[in-house]
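One file, coords15.txt, is given below (compact mmCIF, N, CA, C and O atoms).
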# COMPACT_ATOMS: atom_id res chain seq x y z
N MET A 1 107.15 74.66 102.20
CA MET A 1 106.93 74.89 103.61
C MET A 1 107.77 76.08 104.11
O MET A 1 107.29 76.88 104.88
N ALA A 2 109.00 76.14 103.64
CA ALA A 2 109.88 77.24 104.07
C ALA A 2 109.34 78.58 103.59
O ALA A 2 109.46 79.58 104.31
N LYS A 3 108.74 78.60 102.40
CA LYS A 3 108.20 79.85 101.88
C LYS A 3 107.01 80.31 102.73
O LYS A 3 106.87 81.50 103.01
N ALA A 4 106.18 79.38 103.17
CA ALA A 4 105.03 79.73 104.01
C ALA A 4 105.50 80.27 105.36
O ALA A 4 104.93 81.25 105.87
N VAL A 5 106.53 79.67 105.93
CA VAL A 5 107.06 80.15 107.20
C VAL A 5 107.67 81.54 107.03
O VAL A 5 107.48 82.43 107.87
N HIS A 6 108.35 81.75 105.93
CA HIS A 6 108.96 83.04 105.65
C HIS A 6 107.89 84.13 105.48
O HIS A 6 108.01 85.22 106.06
N LEU A 7 106.85 83.85 104.70
CA LEU A 7 105.78 84.83 104.52
C LEU A 7 105.01 85.05 105.82
O LEU A 7 104.58 86.17 106.11
N GLY A 8 104.84 84.00 106.61
CA GLY A 8 104.18 84.15 107.91
C GLY A 8 104.98 85.04 108.85
O GLY A 8 104.41 85.85 109.60
N ALA A 9 106.29 84.91 108.80
CA ALA A 9 107.15 85.75 109.63
C ALA A 9 107.04 87.22 109.21
O ALA A 9 106.98 88.11 110.07
N TRP A 10 106.98 87.48 107.91
CA TRP A 10 106.81 88.86 107.44
C TRP A 10 105.44 89.40 107.85
O TRP A 10 105.30 90.59 108.17
N PHE A 11 104.41 88.53 107.82
CA PHE A 11 103.08 88.95 108.24
C PHE A 11 103.09 89.36 109.71
O PHE A 11 102.56 90.41 110.08
N PHE A 12 103.69 88.54 110.56
CA PHE A 12 103.74 88.86 111.98
C PHE A 12 104.59 90.10 112.25
O PHE A 12 104.29 90.89 113.14
N LEU A 13 105.64 90.30 111.47
CA LEU A 13 106.44 91.51 111.59
C LEU A 13 105.61 92.75 111.25
O LEU A 13 105.70 93.78 111.93
N GLY A 14 104.78 92.64 110.23
CA GLY A 14 103.89 93.75 109.87
C GLY A 14 102.88 94.03 110.97
O GLY A 14 102.58 95.19 111.27
N CYS A 15 102.34 92.97 111.58
CA CYS A 15 101.40 93.17 112.70
C CYS A 15 102.09 93.85 113.88
O CYS A 15 101.51 94.74 114.50
N ILE A 16 103.29 93.43 114.18
CA ILE A 16 104.04 94.03 115.29
C ILE A 16 104.35 95.50 114.99
O ILE A 16 104.20 96.37 115.86
N ALA A 17 104.78 95.79 113.77
CA ALA A 17 105.09 97.17 113.41
C ALA A 17 103.85 98.05 113.47
O ALA A 17 103.88 99.18 113.99
N SER A 18 102.73 97.54 112.97
CA SER A 18 101.50 98.32 113.00
C SER A 18 101.01 98.53 114.43
O SER A 18 100.53 99.61 114.78
N SER A 19 101.14 97.52 115.26
CA SER A 19 100.76 97.67 116.67
C SER A 19 101.63 98.69 117.36
O SER A 19 101.14 99.49 118.17
N SER A 20 102.91 98.67 117.05
CA SER A 20 103.83 99.65 117.67
C SER A 20 103.50 101.07 117.25
O SER A 20 103.51 101.99 118.09
N VAL A 21 103.18 101.26 115.98
CA VAL A 21 102.81 102.59 115.50
C VAL A 21 101.53 103.05 116.17
O VAL A 21 101.42 104.20 116.63
N ALA A 22 100.54 102.17 116.27
CA ALA A 22 99.28 102.54 116.92
C ALA A 22 99.47 102.81 118.41
O ALA A 22 98.86 103.72 118.98
N TRP A 23 100.34 102.05 119.05
CA TRP A 23 100.61 102.25 120.47
C TRP A 23 101.29 103.60 120.70
O TRP A 23 100.95 104.33 121.62
N LEU A 24 102.25 103.94 119.84
CA LEU A 24 102.90 105.24 119.95
C LEU A 24 101.90 106.37 119.72
O LEU A 24 101.97 107.41 120.36
N GLY A 25 100.95 106.14 118.81
CA GLY A 25 99.92 107.14 118.56
C GLY A 25 99.01 107.35 119.75
O GLY A 25 98.44 108.42 119.93
N ALA A 26 98.85 106.31 120.57
CA ALA A 26 98.00 106.42 121.75
C ALA A 26 98.70 107.15 122.89
O ALA A 26 98.04 107.59 123.84
N LEU A 27 100.02 107.28 122.82
CA LEU A 27 100.76 107.90 123.91
C LEU A 27 100.65 109.42 123.96
O LEU A 27 100.56 110.01 125.02
N HIS A 28 100.67 110.05 122.78
CA HIS A 28 100.75 111.51 122.75
C HIS A 28 100.01 112.03 121.52
O HIS A 28 100.05 111.40 120.47
N PRO A 29 99.35 113.19 121.62
CA PRO A 29 98.61 113.72 120.47
C PRO A 29 99.50 113.98 119.24
O PRO A 29 99.06 113.79 118.12
N ALA A 30 100.73 114.42 119.45
CA ALA A 30 101.62 114.65 118.30
C ALA A 30 101.97 113.34 117.62
O ALA A 30 102.06 113.27 116.39
N LEU A 31 102.16 112.30 118.40
CA LEU A 31 102.44 110.99 117.82
C LEU A 31 101.20 110.40 117.16
O LEU A 31 101.30 109.60 116.25
N PHE A 32 100.02 110.82 117.63
CA PHE A 32 98.77 110.37 117.00
C PHE A 32 98.70 110.88 115.57
O PHE A 32 98.31 110.15 114.66
N ARG A 33 99.11 112.13 115.36
CA ARG A 33 99.14 112.67 114.00
C ARG A 33 100.17 111.95 113.14
O ARG A 33 99.92 111.66 111.98
N ALA A 34 101.31 111.65 113.72
CA ALA A 34 102.34 110.91 112.98
C ALA A 34 101.86 109.51 112.63
O ALA A 34 102.16 108.99 111.56
N MET A 35 101.10 108.90 113.53
CA MET A 35 100.54 107.58 113.27
C MET A 35 99.64 107.62 112.04
O MET A 35 99.72 106.76 111.17
N TRP A 36 98.77 108.65 111.97
CA TRP A 36 97.88 108.75 110.82
C TRP A 36 98.66 109.00 109.53
O TRP A 36 98.28 108.49 108.47
N VAL A 37 99.72 109.77 109.61
CA VAL A 37 100.55 109.99 108.42
C VAL A 37 101.15 108.67 107.95
O VAL A 37 101.15 108.37 106.75
N ILE A 38 101.64 107.86 108.88
CA ILE A 38 102.23 106.56 108.51
C ILE A 38 101.17 105.65 107.90
O ILE A 38 101.41 104.98 106.89
N TYR A 39 99.97 105.61 108.51
CA TYR A 39 98.91 104.76 107.97
C TYR A 39 98.44 105.24 106.59
O TYR A 39 98.19 104.44 105.70
N ILE A 40 98.34 106.54 106.41
CA ILE A 40 97.93 107.08 105.10
C ILE A 40 98.99 106.78 104.05
O ILE A 40 98.66 106.39 102.92
N MET A 41 100.27 106.95 104.41
CA MET A 41 101.34 106.64 103.45
C MET A 41 101.35 105.16 103.11
O MET A 41 101.59 104.78 101.95
N SER A 42 101.07 104.30 104.08
CA SER A 42 101.01 102.87 103.81
C SER A 42 99.84 102.54 102.89
O SER A 42 99.97 101.72 101.98
N GLY A 43 98.70 103.20 103.12
CA GLY A 43 97.55 103.00 102.24
C GLY A 43 97.81 103.46 100.82
O GLY A 43 97.46 102.77 99.86
N VAL A 44 98.44 104.61 100.68
CA VAL A 44 98.79 105.11 99.35
C VAL A 44 99.78 104.17 98.68
O VAL A 44 99.68 103.88 97.47
N GLY A 45 100.74 103.66 99.44
CA GLY A 45 101.69 102.70 98.88
C GLY A 45 101.02 101.43 98.40
O GLY A 45 101.37 100.89 97.34
N LEU A 46 100.03 100.95 99.15
CA LEU A 46 99.30 99.76 98.72
C LEU A 46 98.50 100.01 97.46
O LEU A 46 98.45 99.17 96.56
N VAL A 47 97.86 101.18 97.37
CA VAL A 47 97.10 101.51 96.17
C VAL A 47 98.02 101.63 94.96
O VAL A 47 97.72 101.13 93.88
N LEU A 48 99.17 102.27 95.15
CA LEU A 48 100.14 102.37 94.05
C LEU A 48 100.66 101.00 93.64
O LEU A 48 100.87 100.73 92.46
N ALA A 49 100.87 100.13 94.62
CA ALA A 49 101.33 98.77 94.31
C ALA A 49 100.27 98.01 93.53
O ALA A 49 100.60 97.21 92.64
N LEU A 50 99.01 98.24 93.84
CA LEU A 50 97.93 97.59 93.08
C LEU A 50 97.81 98.15 91.67
O LEU A 50 97.54 97.42 90.72
N LEU A 51 97.98 99.47 91.53
CA LEU A 51 97.85 100.09 90.22
C LEU A 51 99.03 99.79 89.30
O LEU A 51 98.87 99.73 88.09
N THR A 52 100.20 99.63 89.87
CA THR A 52 101.40 99.39 89.06
C THR A 52 101.91 97.97 89.21
O THR A 52 103.11 97.73 89.12
N ASP A 53 100.99 97.02 89.39
CA ASP A 53 101.42 95.65 89.66
C ASP A 53 102.19 95.03 88.51
O ASP A 53 103.10 94.24 88.73
N ASP A 54 101.87 95.38 87.28
CA ASP A 54 102.59 94.80 86.14
C ASP A 54 104.03 95.26 86.06
O ASP A 54 104.88 94.57 85.51
N ALA A 55 104.34 96.43 86.60
CA ALA A 55 105.71 96.94 86.58
C ALA A 55 106.51 96.47 87.79
O ALA A 55 107.71 96.24 87.68
N ILE A 56 105.85 96.32 88.93
CA ILE A 56 106.57 95.97 90.16
C ILE A 56 106.81 94.47 90.29
O ILE A 56 107.85 94.04 90.75
N ARG A 57 105.83 93.68 89.86
CA ARG A 57 105.91 92.23 90.06
C ARG A 57 107.14 91.59 89.40
O ARG A 57 107.82 90.79 90.05
N PRO A 58 107.48 91.92 88.16
CA PRO A 58 108.71 91.32 87.59
C PRO A 58 109.98 91.77 88.32
O PRO A 58 110.94 91.01 88.42
N PHE A 59 109.98 92.99 88.84
CA PHE A 59 111.14 93.48 89.59
C PHE A 59 111.35 92.65 90.85
O PHE A 59 112.48 92.36 91.24
N LEU A 60 110.25 92.28 91.51
CA LEU A 60 110.33 91.47 92.73
C LEU A 60 110.46 89.97 92.44
O LEU A 60 110.67 89.19 93.35
N LYS A 61 110.29 89.60 91.17
CA LYS A 61 110.39 88.20 90.73
C LYS A 61 109.39 87.31 91.47
O LYS A 61 109.73 86.24 91.97
N LEU A 62 108.14 87.79 91.52
CA LEU A 62 107.08 87.04 92.17
C LEU A 62 106.04 86.64 91.14
O LEU A 62 105.80 87.35 90.17
N LEU A 63 105.41 85.50 91.37
CA LEU A 63 104.28 85.11 90.55
C LEU A 63 103.09 85.97 90.94
O LEU A 63 103.04 86.56 92.02
N GLU A 64 102.11 86.03 90.04
CA GLU A 64 100.95 86.90 90.29
C GLU A 64 100.20 86.55 91.57
O GLU A 64 99.90 87.44 92.37
N PRO A 65 99.91 85.27 91.84
CA PRO A 65 99.21 84.96 93.10
C PRO A 65 100.04 85.30 94.34
O PRO A 65 99.50 85.76 95.35
N ASP A 66 101.34 85.10 94.25
CA ASP A 66 102.20 85.43 95.39
C ASP A 66 102.24 86.94 95.64
O ASP A 66 102.26 87.39 96.78
N TYR A 67 102.24 87.72 94.57
CA TYR A 67 102.27 89.17 94.69
C TYR A 67 101.00 89.68 95.36
O TYR A 67 101.05 90.49 96.29
N TYR A 68 99.86 89.19 94.90
CA TYR A 68 98.60 89.63 95.51
C TYR A 68 98.45 89.11 96.93
O TYR A 68 97.87 89.79 97.78
N ALA A 69 98.96 87.93 97.20
CA ALA A 69 98.93 87.42 98.58
C ALA A 69 99.79 88.30 99.47
O ALA A 69 99.42 88.57 100.63
N LEU A 70 100.91 88.77 98.97
CA LEU A 70 101.77 89.67 99.73
C LEU A 70 101.06 91.01 100.02
O LEU A 70 101.09 91.51 101.14
N LEU A 71 100.39 91.56 99.01
CA LEU A 71 99.66 92.81 99.22
C LEU A 71 98.52 92.64 100.21
O LEU A 71 98.30 93.49 101.07
N ILE A 72 97.82 91.52 100.12
CA ILE A 72 96.73 91.25 101.07
C ILE A 72 97.28 91.09 102.47
O ILE A 72 96.71 91.60 103.44
N ALA A 73 98.40 90.39 102.61
CA ALA A 73 99.01 90.19 103.92
C ALA A 73 99.45 91.53 104.53
O ALA A 73 99.29 91.76 105.73
N ILE A 74 100.00 92.41 103.71
CA ILE A 74 100.42 93.73 104.21
C ILE A 74 99.20 94.52 104.67
O ILE A 74 99.21 95.11 105.76
N ALA A 75 98.15 94.53 103.87
CA ALA A 75 96.94 95.28 104.24
C ALA A 75 96.32 94.72 105.52
O ALA A 75 95.94 95.48 106.42
N VAL A 76 96.23 93.40 105.62
CA VAL A 76 95.63 92.79 106.80
C VAL A 76 96.48 93.03 108.04
O VAL A 76 95.96 93.29 109.13
N SER A 77 97.80 92.97 107.90
CA SER A 77 98.66 93.20 109.07
C SER A 77 98.56 94.63 109.57
O SER A 77 98.57 94.87 110.77
N ILE A 78 98.42 95.58 108.66
CA ILE A 78 98.26 96.98 109.08
C ILE A 78 96.93 97.16 109.81
O ILE A 78 96.88 97.73 110.89
N VAL A 79 95.87 96.63 109.23
CA VAL A 79 94.55 96.76 109.86
C VAL A 79 94.49 96.00 111.17
O VAL A 79 94.01 96.51 112.19
N LEU A 80 95.00 94.78 111.18
CA LEU A 80 94.94 93.94 112.37
C LEU A 80 95.77 94.53 113.51
O LEU A 80 95.31 94.58 114.65
N GLY A 81 96.95 95.01 113.21
CA GLY A 81 97.80 95.60 114.25
C GLY A 81 97.18 96.84 114.87
O GLY A 81 97.14 97.00 116.09
N GLY A 82 96.65 97.73 114.04
CA GLY A 82 96.02 98.94 114.56
C GLY A 82 94.72 98.65 115.27
O GLY A 82 94.41 99.24 116.31
N LEU A 83 93.94 97.71 114.76
CA LEU A 83 92.66 97.39 115.35
C LEU A 83 92.81 96.73 116.72
O LEU A 83 92.10 97.10 117.67
N ILE A 84 93.73 95.81 116.83
CA ILE A 84 93.92 95.14 118.11
C ILE A 84 94.44 96.12 119.16
O ILE A 84 94.00 96.10 120.32
N THR A 85 95.35 96.98 118.78
CA THR A 85 95.85 97.98 119.73
C THR A 85 94.74 98.92 120.15
O THR A 85 94.63 99.29 121.32
N TRP A 86 93.87 99.29 119.22
CA TRP A 86 92.74 100.16 119.53
C TRP A 86 91.77 99.46 120.48
O TRP A 86 91.27 100.06 121.42
N LEU A 87 91.52 98.18 120.24
CA LEU A 87 90.60 97.44 121.11
C LEU A 87 91.16 97.25 122.51
O LEU A 87 90.44 97.38 123.50
N ILE A 88 92.43 96.95 122.60
CA ILE A 88 93.04 96.73 123.91
C ILE A 88 93.17 98.05 124.67
O ILE A 88 92.93 98.12 125.87
N GLY A 89 93.51 99.12 123.94
CA GLY A 89 93.70 100.42 124.58
C GLY A 89 92.40 101.06 125.02
O GLY A 89 92.40 101.96 125.84
N GLY A 90 91.30 100.60 124.51
CA GLY A 90 90.03 101.18 124.93
C GLY A 90 89.50 102.01 123.87
O GLY A 90 88.64 102.59 123.60

Before we go any further, please render this structure as structure tokens.
Amino acid sequence: MAKAVHLGAWFFLGCIASSSVAWLGALHPALFRAMWVIYIMSGVGLVLALLTDDAIRPFLKLLEPDYYALLIAIAVSIVLGGLITWLIGG
């Protein structure tokens, strides 16, 4: 139960961070470019994490299902945070 609460907290932190980045991008055109750079770097990081999963997973000491659940949670939090901010902002 504690592990689920811990992972849920990290998921919500990712949603908050992604929403904040998208909100800052909506404020100013220069920050909009920075927002896209952050999202692209996050996407590249996720792809690298998927490609090098056999090397990274033992370093993090995670089981395979937990590792993929973490990657899915990160991807969903980035998309969800940006999407909700985009929908609310118009």

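Straight-line separation from CA of Leu46 (chain A) to CA of Asp66 (chain A): 15.0 Å.
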
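For the atom pair formed by atom O of Leu24 (chain A) and atom N of Leu80 (chain A), the distance is 17.1 Å, given to one decimal.
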
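Here CA of Tyr39 (chain A) and CA of Thr52 (chain A) stand 19.8 Å from one another.
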
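Comparing A:Ala22, A:Leu13, A:Ala73, A:Leu50 by their smallest distance to Ala34 (chain A), the closest is A:Ala22 (using only C-alpha atoms).
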
From the options A:Lys61, A:Leu70, A:Ala75, A:Trp86, which residue's atoms come nearest to His6 (chain A), counting only C-alpha atoms? A:Leu70

Since the input lacks some atoms of region 22-33 of chain A, please model all heavy atoms and print them as a JSON list (two decimals), in the coordinates of the input.
[["chain", "number", "residue", "atom", "x", "y", "z"],
["A", 22, "ALA", "N", 100.54, 102.17, 116.27],
["A", 22, "ALA", "CA", 99.28, 102.54, 116.92],
["A", 22, "ALA", "C", 99.47, 102.81, 118.41],
["A", 22, "ALA", "O", 98.86, 103.72, 118.98],
["A", 22, "ALA", "CB", 98.24, 101.44, 116.71],
["A", 23, "TRP", "N", 100.34, 102.05, 119.05],
["A", 23, "TRP", "CA", 100.61, 102.25, 120.47],
["A", 23, "TRP", "C", 101.29, 103.60, 120.70],
["A", 23, "TRP", "O", 100.95, 104.33, 121.62],
["A", 23, "TRP", "CB", 101.49, 101.11, 121.00],
["A", 23, "TRP", "CG", 101.88, 101.28, 122.43],
["A", 23, "TRP", "CD1", 101.08, 101.13, 123.53],
["A", 23, "TRP", "CD2", 103.17, 101.65, 122.91],
["A", 23, "TRP", "NE1", 101.80, 101.38, 124.67],
["A", 23, "TRP", "CE2", 103.09, 101.70, 124.31],
["A", 23, "TRP", "CE3", 104.38, 101.94, 122.29],
["A", 23, "TRP", "CZ2", 104.18, 102.03, 125.10],
["A", 23, "TRP", "CZ3", 105.46, 102.27, 123.07],
["A", 23, "TRP", "CH2", 105.35, 102.31, 124.47],
["A", 24, "LEU", "N", 102.25, 103.94, 119.84],
["A", 24, "LEU", "CA", 102.90, 105.24, 119.95],
["A", 24, "LEU", "C", 101.90, 106.37, 119.72],
["A", 24, "LEU", "O", 101.97, 107.41, 120.36],
["A", 24, "LEU", "CB", 104.06, 105.36, 118.96],
["A", 24, "LEU", "CG", 105.31, 104.56, 119.32],
["A", 24, "LEU", "CD1", 106.31, 104.62, 118.17],
["A", 24, "LEU", "CD2", 105.93, 105.07, 120.60],
["A", 25, "GLY", "N", 100.95, 106.14, 118.81],
["A", 25, "GLY", "CA", 99.92, 107.14, 118.56],
["A", 25, "GLY", "C", 99.01, 107.35, 119.75],
["A", 25, "GLY", "O", 98.44, 108.42, 119.93],
["A", 26, "ALA", "N", 98.85, 106.31, 120.57],
["A", 26, "ALA", "CA", 98.00, 106.42, 121.75],
["A", 26, "ALA", "C", 98.70, 107.15, 122.89],
["A", 26, "ALA", "O", 98.04, 107.59, 123.84],
["A", 26, "ALA", "CB", 97.57, 105.04, 122.21],
["A", 27, "LEU", "N", 100.02, 107.28, 122.82],
["A", 27, "LEU", "CA", 100.76, 107.90, 123.91],
["A", 27, "LEU", "C", 100.65, 109.42, 123.96],
["A", 27, "LEU", "O", 100.56, 110.01, 125.02],
["A", 27, "LEU", "CB", 102.25, 107.52, 123.82],
["A", 27, "LEU", "CG", 102.60, 106.09, 124.16],
["A", 27, "LEU", "CD1", 104.09, 105.89, 123.98],
["A", 27, "LEU", "CD2", 102.19, 105.74, 125.58],
["A", 28, "HIS", "N", 100.67, 110.05, 122.78],
["A", 28, "HIS", "CA", 100.75, 111.51, 122.75],
["A", 28, "HIS", "C", 100.01, 112.03, 121.52],
["A", 28, "HIS", "O", 100.05, 111.40, 120.47],
["A", 28, "HIS", "CB", 102.23, 111.93, 122.69],
["A", 28, "HIS", "CG", 102.45, 113.36, 123.00],
["A", 28, "HIS", "ND1", 102.38, 114.33, 122.04],
["A", 28, "HIS", "CD2", 102.73, 113.99, 124.17],
["A", 28, "HIS", "CE1", 102.63, 115.52, 122.59],
["A", 28, "HIS", "NE2", 102.85, 115.33, 123.89],
["A", 29, "PRO", "N", 99.35, 113.19, 121.62],
["A", 29, "PRO", "CA", 98.61, 113.72, 120.47],
["A", 29, "PRO", "C", 99.50, 113.98, 119.24],
["A", 29, "PRO", "O", 99.06, 113.79, 118.12],
["A", 29, "PRO", "CB", 98.02, 115.03, 120.99],
["A", 29, "PRO", "CG", 97.93, 114.84, 122.46],
["A", 29, "PRO", "CD", 99.09, 113.96, 122.84],
["A", 30, "ALA", "N", 100.73, 114.42, 119.45],
["A", 30, "ALA", "CA", 101.62, 114.65, 118.30],
["A", 30, "ALA", "C", 101.97, 113.34, 117.62],
["A", 30, "ALA", "O", 102.06, 113.27, 116.39],
["A", 30, "ALA", "CB", 102.88, 115.37, 118.74],
["A", 31, "LEU", "N", 102.16, 112.30, 118.40],
["A", 31, "LEU", "CA", 102.44, 110.99, 117.82],
["A", 31, "LEU", "C", 101.20, 110.40, 117.16],
["A", 31, "LEU", "O", 101.30, 109.60, 116.25],
["A", 31, "LEU", "CB", 102.98, 110.04, 118.88],
["A", 31, "LEU", "CG", 104.35, 110.40, 119.45],
["A", 31, "LEU", "CD1", 104.72, 109.46, 120.58],
["A", 31, "LEU", "CD2", 105.40, 110.36, 118.37],
["A", 32, "PHE", "N", 100.02, 110.82, 117.63],
["A", 32, "PHE", "CA", 98.77, 110.37, 117.00],
["A", 32, "PHE", "C", 98.70, 110.88, 115.57],
["A", 32, "PHE", "O", 98.31, 110.15, 114.66],
["A", 32, "PHE", "CB", 97.58, 110.87, 117.82],
["A", 32, "PHE", "CG", 96.25, 110.41, 117.31],
["A", 32, "PHE", "CD1", 95.85, 109.10, 117.51],
["A", 32, "PHE", "CD2", 95.42, 111.28, 116.63],
["A", 32, "PHE", "CE1", 94.62, 108.67, 117.04],
["A", 32, "PHE", "CE2", 94.20, 110.85, 116.16],
["A", 32, "PHE", "CZ", 93.79, 109.54, 116.37],
["A", 33, "ARG", "N", 99.11, 112.13, 115.36],
["A", 33, "ARG", "CA", 99.14, 112.67, 114.00],
["A", 33, "ARG", "C", 100.17, 111.95, 113.14],
["A", 33, "ARG", "O", 99.92, 111.66, 111.98],
["A", 33, "ARG", "CB", 99.44, 114.15, 114.05],
["A", 33, "ARG", "CG", 98.32, 114.97, 114.62],
["A", 33, "ARG", "CD", 98.59, 116.46, 114.50],
["A", 33, "ARG", "NE", 97.68, 117.18, 115.36],
["A", 33, "ARG", "CZ", 98.04, 117.86, 116.43],
["A", 33, "ARG", "NH1", 99.31, 117.94, 116.75],
["A", 33, "ARG", "NH2", 97.14, 118.48, 117.16]]
